[in-house]
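This report refers to the structure that appears directly beneath it.
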Amino acid sequence: RAVVGTPSSVSREILPPLYAAARGEVLAMAMFLSKEAAPYGLPVLPSPVHYAQRVTSFGAEPLRVDDDLLMKGYATPLSLDPRGRGIVGEFIVDVRRAGSTQVALRSVTTLLWRFSRPLFTNDNPWRRRVGPLPEMEGDMIGDIEEWSVAEDLGRRYAAVSGDHNPIHLHSLFGQMAGFGGPIAHGLWTMARSFSALQERGAFPAWPYELSAEFKRPLVMPTKVRFEAHRNENRAINFRVVSWDKTQIHATGSTISKS
């Protein structure tokens with residue numbers, strides 16, 4: 001809770017919305033990179049980046065920390081990203097209460113083994129954008145929030161999430177992966193965004209649909225800005241952008257299905 005800034009007003013009895021995602025990401029990395037992963041993974045591929053996350057909950061009652069839960073993980077075969085940016089794989093975790101056949105929560109982790117350049121265009125999607133970003137649509141919720149992201153954040157989040165991918169932990173591995181330094185976990189960015197929505201009283205009620213795309217690695221240390229807007233369909237859209245407002249690090253949306 002402290003690492004992602006969960007407000008004290010949020011009940012400790014309710015299971016965090018990204019708990020299954022955190023467990024699933026660790027399982028996915030182990031499975032995709034194992035020698036037994038075929039046809040899901042290839043050991044010769046470099047470490048993937050967390051590209052997107054979806055969480056969908058079902059039923060009338062939220063999951064609680066004292067629930068006896070069963071988790072089942074499975075993967076989709078690897079495929080070419082439609083935009084030619086790399087190889088994509090999804091790892092899905094279904095969570096249900098013991099004794100129940102109904103899925104209470106489904107978490108889908110999308111991993112991307114990126115190419116140095118895309119296949120279908122001469123544009124480099126990893127190149128820095130020049131110029132200000134367009135404004136978000138809808139009514140702004142609260143003010144733009146500024147976050148300072150320390151270089152040791154990756155190690156602190158790894159300690160509580162179990163994701164010890166070295167590109168998040170040490171500058172050397174981040175540089176070897178072509179990022180220039182250690183990068184923040186995508187799930188930390190998503191969880192920190194949810195904490196900001198909870199502070200505003202804008203996090204959706206169960207059952208909900210949550211999603212995020214991680215557009216550009218967040219290289220630590222750095223400063224970023226968070227903002228959220230509500231659209232006409234009741235969905236809340238948010239994004240995390242660079243301090244100079246020229247780069248989008250993450251975008252996401254939340255909506256209640258009740």
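Chain labels follow the order of the structure tokens: the first chain is A, the next B, and so on; residue numbering restarts at 1 in every chain, and ligands are counted from 1 in their shown order.
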message: Taking 4 positions as the minimum chain separation for residues in the same chain, which residues sit within 6 Å of range 184-201 of chain A when counting only C-alpha atoms? Answer as a VMD selection string.
response: chain A and resid 4 to 6 154 168 218
task: Find the residues around Arg114 in chain A up to 7 Å (only C-alpha atoms counted), leave out those fewer than 3 positions away in its own chain, and share them as a VMD selection string.
output: chain A and resid 85 to 87
Since we have the selection now, will you write its residues out, keeping C-alpha atoms, as a PDB file, in the first residue's frame?
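Ended up saving to out-v4.pdb:
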ATOM      1  CA  ARG A  85       6.398  -3.680 -33.311  1.00  0.00           C
ATOM      2  CA  GLY A  86       7.340  -7.103 -31.995  1.00  0.00           C
ATOM      3  CA  ILE A  87       6.041 -10.442 -30.742  1.00  0.00           C
TER       4      ILE A  87
END
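Using only C-alpha atoms, the smallest distance between any of A:Thr222, A:Thr76, A:Ser161, A:Ser9 and Val241 in chain A comes from A:Thr222.
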message: Using only C-alpha atoms, can you tell me which of A:Val149, A:Ile141, A:Tyr157, A:His170 comes closest to Ala202 in chain A?
response: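 Of A:Val149, A:Ile141, A:Tyr157, A:His170, the one nearest Ala202 in chain A is A:Ile141, counting only C-alpha atoms.
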message: List the spatial neighbours of Asn237 in chain A as a PyMOL selection string - criterion: any atom at most 6 Å away, only C-alpha atoms, same-chain residues fewer than 3 positions off excluded.
response: chain A and resi 228-229+252-253
Can I get the selected residues back with all heavy atoms, as a PDB file, in the first residue's frame?
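Contents of the output file result.pdb:
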ATOM      1  N   ALA A 228      -6.741  12.809 -14.932  1.00  0.00           N
ATOM      2  CA  ALA A 228      -7.875  11.928 -15.192  1.00  0.00           C
ATOM      3  C   ALA A 228      -9.077  12.751 -15.622  1.00  0.00           C
ATOM      4  O   ALA A 228      -9.293  13.869 -15.133  1.00  0.00           O
ATOM      5  CB  ALA A 228      -8.214  11.106 -13.949  1.00  0.00           C
ATOM      6  N   HIS A 229      -9.873  12.177 -16.532  1.00  0.00           N
ATOM      7  CA  HIS A 229     -11.065  12.845 -17.045  1.00  0.00           C
ATOM      8  C   HIS A 229     -12.203  11.841 -17.129  1.00  0.00           C
ATOM      9  O   HIS A 229     -11.994  10.662 -17.419  1.00  0.00           O
ATOM     10  CB  HIS A 229     -10.804  13.433 -18.437  1.00  0.00           C
ATOM     11  CG  HIS A 229      -9.812  14.552 -18.460  1.00  0.00           C
ATOM     12  ND1 HIS A 229     -10.154  15.842 -18.772  1.00  0.00           N
ATOM     13  CD2 HIS A 229      -8.479  14.573 -18.181  1.00  0.00           C
ATOM     14  CE1 HIS A 229      -9.070  16.612 -18.713  1.00  0.00           C
ATOM     15  NE2 HIS A 229      -8.046  15.856 -18.351  1.00  0.00           N
ATOM     16  N   GLY A 252      -4.970   4.767 -19.583  1.00  0.00           N
ATOM     17  CA  GLY A 252      -5.843   3.740 -19.042  1.00  0.00           C
ATOM     18  C   GLY A 252      -7.269   4.216 -18.895  1.00  0.00           C
ATOM     19  O   GLY A 252      -7.568   5.402 -19.099  1.00  0.00           O
ATOM     20  N   SER A 253      -8.130   3.288 -18.515  1.00  0.00           N
ATOM     21  CA  SER A 253      -9.532   3.623 -18.305  1.00  0.00           C
ATOM     22  C   SER A 253     -10.125   2.703 -17.254  1.00  0.00           C
ATOM     23  O   SER A 253      -9.657   1.575 -17.049  1.00  0.00           O
ATOM     24  CB  SER A 253     -10.340   3.518 -19.611  1.00  0.00           C
ATOM     25  OG  SER A 253     -10.404   2.178 -20.051  1.00  0.00           O
TER      26      SER A 253
END
Using only C-alpha atoms, what table do you get, as CSV, when you list each residue of range 164-227 of chain A with an atom no more than 8 Å from range 57-62 of chain A, its nearest pair of atoms, and their distance in Å rounded to one decimal, rows by chain then rising number?
residue,atom,partner,partner_atom,distance
A:Trp206,CA,A:Pro62,CA,6.1
A:Pro207,CA,A:Ser57,CA,5.1
A:Tyr208,CA,A:Ser57,CA,5.5
A:Glu209,CA,A:Ser57,CA,6.6
message: Run DSSP on the backbone and tell me which residues of range 35-205 of chain A come out as helix (DSSP H, G or I); list them as a PyMOL selection string.
response: chain A and resi 153-161+166-168+171-176+186-199
statement: The residue from A:Trp147, A:Tyr19, A:Tyr51, A:Phe226 with the smallest atom-to-atom distance to Leu105 in chain A, counting only C-alpha atoms, is A:Tyr19
Wanna dump the range 68-114 of chain A-range 211-214 of chain A contacts at 10 Å for me, each residue with its shortest atom pair and the distance in Å to one decimal, counting only C-alpha atoms, ordered by chain and number, as a tab-separated table?
residue	atom	partner	partner_atom	distance
A:Ser107	CA	A:Ser211	CA	9.7
A:Val108	CA	A:Ser211	CA	9.3
A:Thr110	CA	A:Glu213	CA	9.2
task: Write out as an MDAnalysis selection string all residues of range 15-250 of chain A that DSSP puts in strand (DSSP E) for this structure's backbone.
output: chainID A and resid 49:57 69:75 79:80 86:97 105:114 139:140 145:149 208:214 222:230 236:242 248:250
